[in-house]
>>> print(open('coords15.cif').read())   # mmCIF, C-alpha atoms
data_target
loop_
_atom_site.label_atom_id
_atom_site.label_comp_id
_atom_site.auth_asym_id
_atom_site.auth_seq_id
_atom_site.Cartn_x
_atom_site.Cartn_y
_atom_site.Cartn_z
CA MET A 93 -7.90 8.24 25.03
CA SER A 94 -7.57 5.78 22.18
CA GLU A 95 -5.04 6.48 19.46
CA LYS A 96 -6.37 8.05 16.30
CA LEU A 97 -6.73 5.66 13.39
CA ILE A 98 -6.40 8.51 10.87
CA ASP A 99 -3.85 11.25 11.44
CA VAL A 100 -4.72 14.52 9.68
CA VAL A 101 -2.20 17.26 8.89
CA ASP A 102 -3.36 20.39 7.05
CA ASN A 103 -0.60 22.47 5.46
CA ALA A 104 -2.25 25.49 3.81
CA GLY A 105 -4.99 23.40 2.23
CA ILE A 106 -2.76 20.44 1.33
CA VAL A 107 -4.16 17.79 3.65
CA ARG A 108 -2.22 14.64 4.44
CA LEU A 109 -4.11 11.64 5.81
CA THR A 110 -2.13 8.82 7.41
CA ILE A 111 -3.79 5.52 8.24
CA ASN A 112 -2.34 4.71 11.64
CA ARG A 113 -2.36 0.95 12.32
CA PRO A 114 1.29 0.10 11.64
CA LYS A 115 1.26 -3.04 13.82
CA ALA A 116 -1.54 -4.40 11.60
CA LEU A 117 0.20 -3.10 8.46
CA ASN A 118 -2.56 -0.45 8.32
CA ALA A 119 -5.21 -3.05 7.43
CA LEU A 120 -8.68 -1.63 6.88
CA ASN A 121 -11.23 -2.60 9.51
CA SER A 122 -14.62 -1.10 10.33
CA GLY A 123 -13.07 1.42 12.70
CA VAL A 124 -10.58 2.72 10.14
CA LEU A 125 -13.27 2.99 7.48
CA ALA A 126 -15.66 4.83 9.82
CA GLU A 127 -12.99 7.30 10.92
CA LEU A 128 -11.79 7.82 7.35
CA GLU A 129 -15.34 8.55 6.24
CA ARG A 130 -15.77 11.13 9.02
CA VAL A 131 -12.55 12.83 7.96
CA LEU A 132 -13.61 12.87 4.31
CA VAL A 133 -17.01 14.35 5.20
CA ASP A 134 -15.18 17.16 7.02
CA LEU A 135 -12.92 17.72 3.99
CA GLU A 136 -15.94 18.02 1.69
CA GLY A 137 -16.84 21.23 3.54
CA HIS A 138 -13.27 22.59 3.49
CA SER A 139 -13.53 25.59 1.14
CA ASP A 140 -9.74 26.15 1.08
CA LEU A 141 -8.88 22.53 0.29
CA ARG A 142 -6.24 22.25 -2.44
CA ALA A 143 -5.25 18.57 -2.46
CA VAL A 144 -5.36 15.40 -0.38
CA ILE A 145 -2.44 13.01 0.09
CA ILE A 146 -3.15 9.63 1.69
CA THR A 147 -0.56 7.21 3.03
CA GLY A 148 0.07 4.58 5.69
CA ALA A 149 2.07 4.82 8.89
CA GLY A 150 5.50 3.21 8.97
CA GLU A 151 7.79 2.04 6.21
CA LYS A 152 6.40 -1.47 5.75
CA SER A 153 2.93 -0.84 4.43
CA PHE A 154 0.58 1.63 2.76
CA VAL A 155 -2.41 -0.64 3.43
CA ALA A 156 -1.88 -4.41 3.41
CA GLY A 157 -5.57 -5.07 2.70
CA ALA A 158 -8.79 -5.47 4.60
CA ASP A 159 -8.60 -6.88 8.12
CA ILE A 160 -8.91 -10.65 7.60
CA ALA A 161 -9.29 -11.33 11.32
CA GLU A 162 -12.41 -9.14 11.33
CA MET A 163 -13.82 -10.59 8.10
CA ARG A 164 -13.28 -14.31 8.54
CA GLU A 165 -16.46 -15.07 10.55
CA LYS A 166 -18.84 -12.75 8.71
CA THR A 167 -22.09 -14.01 7.21
CA PRO A 168 -22.90 -13.10 3.59
CA MET A 169 -25.10 -10.21 4.76
CA GLN A 170 -22.45 -8.96 7.17
CA ALA A 171 -19.84 -9.20 4.45
CA ARG A 172 -22.08 -7.21 2.12
CA GLU A 173 -22.52 -4.46 4.71
CA PHE A 174 -18.79 -4.34 5.40
CA ALA A 175 -18.03 -4.04 1.68
CA ARG A 176 -20.76 -1.41 1.33
CA GLN A 177 -19.17 0.63 4.11
CA ALA A 178 -15.83 0.42 2.30
CA LEU A 179 -17.36 1.24 -1.09
CA ASP A 180 -19.10 4.31 0.29
CA THR A 181 -15.93 5.53 2.03
CA VAL A 182 -13.71 4.96 -1.00
CA LYS A 183 -16.24 6.68 -3.24
CA ARG A 184 -16.12 9.77 -0.99
CA LEU A 185 -12.37 9.88 -1.51
CA GLU A 186 -12.76 9.50 -5.27
CA ALA A 187 -15.43 12.22 -5.39
CA LEU A 188 -13.39 14.92 -3.65
CA PRO A 189 -13.19 17.90 -6.04
CA VAL A 190 -9.44 18.37 -5.54
CA PRO A 191 -6.51 16.19 -6.67
CA THR A 192 -5.92 13.12 -4.52
CA VAL A 193 -2.61 11.28 -4.32
CA ALA A 194 -1.82 7.86 -2.88
CA LEU A 195 1.68 7.88 -1.39
CA VAL A 196 2.47 4.17 -1.42
CA ASN A 197 5.13 2.68 0.81
CA GLY A 198 5.49 -1.10 1.14
CA PHE A 199 2.46 -3.35 0.87
CA CYS A 200 -0.47 -2.08 -1.19
CA LEU A 201 -2.65 -5.16 -1.43
CA GLY A 202 -6.35 -5.92 -1.69
CA GLY A 203 -8.27 -3.09 -0.06
CA GLY A 204 -5.10 -1.02 -0.03
CA CYS A 205 -4.77 -1.27 -3.80
CA GLU A 206 -8.47 -0.42 -4.09
CA LEU A 207 -7.95 2.65 -1.90
CA ALA A 208 -5.06 3.77 -4.12
CA LEU A 209 -7.19 3.22 -7.23
CA ALA A 210 -9.72 5.74 -5.91
CA CYS A 211 -7.03 8.42 -5.92
CA ASP A 212 -6.25 10.48 -9.00
CA TRP A 213 -2.69 9.24 -9.09
CA ALA A 214 -0.22 7.21 -7.08
CA VAL A 215 3.43 7.69 -6.20
CA ALA A 216 5.25 4.57 -5.02
CA SER A 217 8.49 3.88 -3.21
CA ASP A 218 10.75 1.30 -4.79
CA ASN A 219 9.82 -1.19 -2.05
CA ALA A 220 6.09 -1.06 -2.86
CA ILE A 221 4.24 -4.32 -3.59
CA PHE A 222 0.84 -4.27 -5.32
CA GLY A 223 -1.80 -6.89 -5.86
CA GLN A 224 -5.40 -8.05 -5.61
CA PRO A 225 -4.85 -11.41 -3.86
CA GLU A 226 -8.45 -11.97 -2.75
CA VAL A 227 -8.88 -15.20 -4.77
CA LEU A 228 -6.17 -16.75 -2.59
CA LEU A 229 -8.63 -16.27 0.30
CA GLY A 230 -11.64 -17.62 -1.58
CA VAL A 231 -13.25 -14.24 -2.34
CA ILE A 232 -13.02 -11.44 -4.91
CA PRO A 233 -12.11 -7.76 -4.54
CA GLY A 234 -14.99 -6.11 -2.72
CA PHE A 235 -13.95 -2.46 -2.38
CA GLY A 236 -14.19 -1.55 -6.09
CA GLY A 237 -11.17 -3.38 -7.47
CA THR A 238 -12.97 -5.31 -10.20
CA GLN A 239 -14.26 -2.02 -11.62
CA ARG A 240 -11.58 0.61 -10.99
CA LEU A 241 -8.63 -1.64 -11.82
CA PRO A 242 -9.66 -2.35 -15.45
CA ARG A 243 -10.45 1.33 -15.90
CA ARG A 244 -6.91 2.16 -14.77
CA ILE A 245 -4.82 -0.58 -16.41
CA GLY A 246 -7.17 -2.24 -18.92
CA PRO A 247 -9.29 -5.41 -18.61
CA ALA A 248 -6.59 -7.90 -19.65
CA MET A 249 -4.14 -6.93 -16.91
CA ALA A 250 -6.97 -6.53 -14.38
CA ILE A 251 -8.17 -10.08 -15.05
CA ASP A 252 -4.58 -11.27 -14.73
CA LEU A 253 -4.13 -9.71 -11.28
CA CYS A 254 -7.60 -10.51 -9.96
CA THR A 255 -7.65 -14.17 -11.03
CA THR A 256 -4.06 -15.16 -10.25
CA GLY A 257 -3.73 -13.14 -7.05
CA ARG A 258 -0.11 -12.52 -7.94
CA LYS A 259 1.81 -9.60 -6.51
CA ILE A 260 3.80 -7.12 -8.60
CA ASP A 261 6.62 -4.77 -7.70
CA ALA A 262 6.66 -1.01 -8.13
CA GLN A 263 8.38 -1.09 -11.51
CA GLU A 264 5.77 -3.41 -13.01
CA ALA A 265 3.04 -1.25 -11.46
CA LEU A 266 4.60 1.74 -13.23
CA ARG A 267 4.85 -0.14 -16.53
CA ILE A 268 1.18 -1.11 -16.58
CA GLY A 269 -0.03 2.32 -15.48
CA LEU A 270 -1.11 1.49 -11.96
CA VAL A 271 1.20 4.17 -10.53
CA ASN A 272 2.52 7.43 -11.95
CA ARG A 273 5.97 7.56 -10.41
CA VAL A 274 8.43 5.33 -8.55
CA MET A 275 11.30 6.58 -6.41
CA PRO A 276 13.60 5.45 -3.60
CA GLN A 277 11.79 5.37 -0.28
CA ALA A 278 14.21 7.91 1.16
CA GLU A 279 13.02 10.46 -1.41
CA LEU A 280 9.28 10.11 -0.76
CA GLU A 281 9.03 12.80 1.90
CA GLY A 282 10.95 15.27 -0.23
CA TYR A 283 8.59 14.55 -3.10
CA VAL A 284 5.57 15.20 -0.87
CA GLU A 285 6.94 18.65 -0.07
CA GLU A 286 7.65 19.35 -3.74
CA LEU A 287 4.21 18.13 -4.77
CA SER A 288 2.51 20.17 -2.04
CA GLN A 289 4.22 23.34 -3.21
CA GLN A 290 3.30 22.64 -6.83
CA LEU A 291 -0.36 21.91 -6.12
CA GLY A 292 -0.61 24.78 -3.65
CA GLY A 293 0.79 27.23 -6.21
CA ASN A 294 -1.71 26.43 -8.98
CA GLY A 295 -5.09 28.07 -9.40
CA PRO A 296 -7.39 26.10 -7.07
CA GLN A 297 -10.57 26.62 -9.09
CA SER A 298 -8.92 25.71 -12.39
CA VAL A 299 -7.42 22.58 -10.82
CA ARG A 300 -10.89 21.57 -9.59
CA ALA A 301 -12.37 22.28 -13.02
CA ALA A 302 -9.72 20.16 -14.74
CA LYS A 303 -10.43 17.23 -12.44
CA GLN A 304 -14.19 17.61 -12.96
CA ALA A 305 -13.82 17.71 -16.74
CA ILE A 306 -11.74 14.53 -16.78
CA HIS A 307 -13.78 12.54 -14.25
CA ASP A 308 -17.22 13.50 -15.53
CA GLY A 309 -16.19 13.38 -19.17
CA MET A 310 -14.96 9.78 -18.94
CA ASP A 311 -18.54 8.56 -18.54
CA GLN A 312 -19.90 10.57 -21.50
CA ASP A 313 -19.64 10.29 -25.26
CA LEU A 314 -16.92 12.45 -26.80
CA ASP A 315 -19.20 15.25 -28.03
CA SER A 316 -20.88 15.59 -24.63
CA ALA A 317 -17.52 15.50 -22.86
CA LEU A 318 -16.12 18.20 -25.15
CA ALA A 319 -19.19 20.35 -24.44
CA LEU A 320 -18.52 19.89 -20.72
CA GLU A 321 -14.90 20.96 -21.20
CA ASN A 322 -16.02 24.01 -23.17
CA ALA A 323 -18.46 25.05 -20.44
CA LEU A 324 -15.88 24.63 -17.68
CA PHE A 325 -13.24 26.46 -19.73
CA ALA A 326 -15.60 29.41 -20.14
CA LEU A 327 -16.48 29.34 -16.44
CA CYS A 328 -12.80 29.85 -15.60
CA PHE A 329 -13.13 33.38 -17.04
CA ALA A 330 -15.89 34.28 -14.59
CA GLY A 331 -13.67 34.86 -11.56
CA ASP A 332 -10.44 36.55 -10.54
CA GLU A 333 -8.24 33.47 -10.91
CA GLN A 334 -7.95 33.59 -14.69
CA SER A 335 -7.27 37.33 -14.68
CA GLU A 336 -4.52 36.96 -12.06
CA GLY A 337 -2.93 33.97 -13.80
CA MET A 338 -2.81 35.56 -17.23
CA SER A 339 -1.74 38.96 -15.91
CA ALA A 340 1.11 37.30 -14.02
CA PHE A 341 2.20 35.51 -17.20
CA VAL A 342 2.24 38.73 -19.23
CA GLU A 343 3.98 40.62 -16.42
CA LYS A 344 6.54 37.79 -15.95
CA ARG A 345 5.82 37.27 -12.28
CA LYS A 346 4.50 34.47 -10.10
CA PRO A 347 0.69 34.43 -9.80
CA ASN A 348 -0.91 34.95 -6.41
CA PHE A 349 -3.84 32.55 -6.27
#
>>> encode(input="coords15.cif", output="structure tokens")
Amino acid sequence: MSEKLIDVVDNAGIVRLTINRPKALNALNSGVLAELERVLVDLEGHSDLRAVIITGAGEKSFVAGADIAEMREKTPMQAREFARQALDTVKRLEALPVPTVALVNGFCLGGGCELALACDWAVASDNAIFGQPEVLLGVIPGFGGTQRLPRRIGPAMAIDLCTTGRKIDAQEALRIGLVNRVMPQAELEGYVEELSQQLGGNGPQSVRAAKQAIHDGMDQDLDSALALENALFALCFAGDEQSEGMSAFVEKRKPNF
């Protein structure tokens, strides 16, 4: 039996996905993308899903990029289909209704950076290296980088990274807003446990509603986005979650969501 390209661990609704091609620095090829899409389709039907954490196997790389050996001989039409496969897969990750976290260790380049950009936030080890170096190969980012990167860090810095192909360290990634937190690599696993407990202890429906309000509201004018927030806020009062959360607060106990 061939080794799984995506390892899946479900801990009470906190699902950890590990891209498992460490010898190739977890580079994205057609097989990885197809398996990742199958996993994400399964997660879409997971009613108890609370959060998704995605990382790469080994200490050297989150995802070092797309698989250049697979891409180098592609025709324009084949390249378009390969990029379309990646775009569709990454969009599924972005569209999950629960918080998604990129746990970045080592190289996070090209398609790896684009994968991290599709997550709600990113946590990086202090050895992480980020970049969109596609121009050094005679192409441009093809998995959403030219669109998600400026939305995350602003157009000026996105043009800088996408046209120079330069790589940046974790501290610069933190400074420009590409990642949310940087820590020593030895502390990453402890942080995953802490984060899992925090996300697992919050009201799952309210967390989903908060993500929906932010994601959907970003593409609307302010008045429409505020109306969306108002509707989702009111909807929170329709179930048991709000009652339990507020009762627990008044009674000075931990809520049971």
>>> residues_near_point(input="coords15.cif", point="(15.7, 5.3, 0.7)", cutoff="10 Å", atoms="only C-alpha atoms", output="list in words")
Ser217, Asp218, Asn219, Met275, Pro276, Gln277, Ala278, Glu279 and Leu280 of chain A
>>> resolve_selection(input="coords15.cif", expression="the PyMOL selection byres ((chain A and resi 321) around 12)", output="list in words")
Ser298, Ala301, Ala302, Lys303, Gln304, Ala305, Ile306, His307, Asp308, Gly309, Met310, Gln312, Leu314, Asp315, Ser316, Ala317, Leu318, Ala319, Leu320, Asn322, Ala323, Leu324, Phe325, Ala326, Leu327 and Cys328 of chain A
>>> atom_distance(input="coords15.cif", atom1="atom CA of A:Thr192", atom2="atom CA of A:Ile268")
20.0 Å
>>> closest_residue(input="coords15.cif", among="A:Ala104, A:Leu125, A:Phe154, A:Val342", to="A:Ser139", atoms="all atoms listed in the file")
A:Ala104
>>> resolve_selection(input="coords15.cif", expression="the PyMOL selection byres ((chain A and resi 289) around 12)", output="list in words")
Asn103, Ala104, Gly105, Ile106, Arg142, Ala143, Gly282, Tyr283, Val284, Glu285, Glu286, Leu287, Ser288, Gln290, Leu291, Gly292, Gly293 and Asn294 of chain A
>>> closest_residue(input="coords15.cif", among="A:Leu253, A:Leu179, A:Val131, A:Leu185", to="A:Leu228", atoms="all atoms listed in the file")
A:Leu253
>>> resolve_selection(input="coords15.cif", expression="the PyMOL selection byres ((chain A and resi 332) around 12)", output="CSV table (one decimal) with C-alpha atoms, in the coordinates of the input")
chain,number,residue,atom,x,y,z
A,295,GLY,CA,-5.1,28.1,-9.4
A,296,PRO,CA,-7.4,26.1,-7.1
A,297,GLN,CA,-10.6,26.6,-9.1
A,298,SER,CA,-8.9,25.7,-12.4
A,327,LEU,CA,-16.5,29.3,-16.4
A,328,CYS,CA,-12.8,29.8,-15.6
A,329,PHE,CA,-13.1,33.4,-17.0
A,330,ALA,CA,-15.9,34.3,-14.6
A,331,GLY,CA,-13.7,34.9,-11.6
A,333,GLU,CA,-8.2,33.5,-10.9
A,334,GLN,CA,-8.0,33.6,-14.7
A,335,SER,CA,-7.3,37.3,-14.7
A,336,GLU,CA,-4.5,37.0,-12.1
A,337,GLY,CA,-2.9,34.0,-13.8
A,338,MET,CA,-2.8,35.6,-17.2
A,339,SER,CA,-1.7,39.0,-15.9
A,347,PRO,CA,0.7,34.4,-9.8
A,348,ASN,CA,-0.9,35.0,-6.4
A,349,PHE,CA,-3.8,32.6,-6.3
>>> closest_residue(input="coords15.cif", among="A:Pro242, A:Phe235, A:Ala250, A:Arg273", to="A:Glu173", atoms="all atoms listed in the file")
A:Phe235
>>> closest_residue(input="coords15.cif", among="A:Ser153, A:Thr255, A:Thr110, A:Thr147", to="A:Val231", atoms="only C-alpha atoms")
A:Thr255
>>> atom_distance(input="coords15.cif", atom1="atom CA of A:Glu264", atom2="atom CA of A:Phe222")
9.2 Å
>>> residues_around(input="coords15.cif", residues="A:Leu128", least_positions_apart="2", cutoff="12 Å", atoms="only C-alpha atoms", output="ChimeraX atom specification")
/A:96-100,109-112,120-126,130-135,146,177-178,180-185,207
>>> atom_distance(input="coords15.cif", atom1="atom CA of A:Ala119", atom2="atom CA of A:Gly150")
12.5 Å
>>> axis_aligned_box(input="coords15.cif", around="stretch 263-275 of chain A", padding_each_side="8 Å", output="AutoDock Vina command-line options")
--center_x 5.1 --center_y 2.1 --center_z -11.5 --size_x 28.4 --size_y 27.0 --size_z 26.2
>>> closest_residue(input="coords15.cif", among="A:Glu186, A:Glu95, A:Glu136, A:Glu343", to="A:Cys211", atoms="all atoms listed in the file")
A:Glu186
>>> residues_around(input="coords15.cif", residues="A:Gly203", least_positions_apart="5", cutoff="10 Å", atoms="all atoms listed in the file", output="mmCIF file with C-alpha atoms, keeping the file's coordinate frame")
data_model
loop_
_atom_site.group_PDB
_atom_site.id
_atom_site.type_symbol
_atom_site.label_atom_id
_atom_site.label_comp_id
_atom_site.auth_asym_id
_atom_site.auth_seq_id
_atom_site.Cartn_x
_atom_site.Cartn_y
_atom_site.Cartn_z
ATOM 1 C CA ALA A 119 -5.210 -3.050 7.430
ATOM 2 C CA LEU A 120 -8.680 -1.630 6.880
ATOM 3 C CA VAL A 155 -2.410 -0.640 3.430
ATOM 4 C CA ALA A 156 -1.880 -4.410 3.410
ATOM 5 C CA GLY A 157 -5.570 -5.070 2.700
ATOM 6 C CA ALA A 158 -8.790 -5.470 4.600
ATOM 7 C CA ASP A 159 -8.600 -6.880 8.120
ATOM 8 C CA ALA A 175 -18.030 -4.040 1.680
ATOM 9 C CA ALA A 178 -15.830 0.420 2.300
ATOM 10 C CA VAL A 182 -13.710 4.960 -1.000
ATOM 11 C CA ALA A 208 -5.060 3.770 -4.120
ATOM 12 C CA LEU A 209 -7.190 3.220 -7.230
ATOM 13 C CA GLY A 223 -1.800 -6.890 -5.860
ATOM 14 C CA GLN A 224 -5.400 -8.050 -5.610
ATOM 15 C CA PRO A 225 -4.850 -11.410 -3.860
ATOM 16 C CA GLU A 226 -8.450 -11.970 -2.750
ATOM 17 C CA PRO A 233 -12.110 -7.760 -4.540
ATOM 18 C CA GLY A 234 -14.990 -6.110 -2.720
ATOM 19 C CA PHE A 235 -13.950 -2.460 -2.380
ATOM 20 C CA GLY A 236 -14.190 -1.550 -6.090
ATOM 21 C CA GLY A 237 -11.170 -3.380 -7.470
#
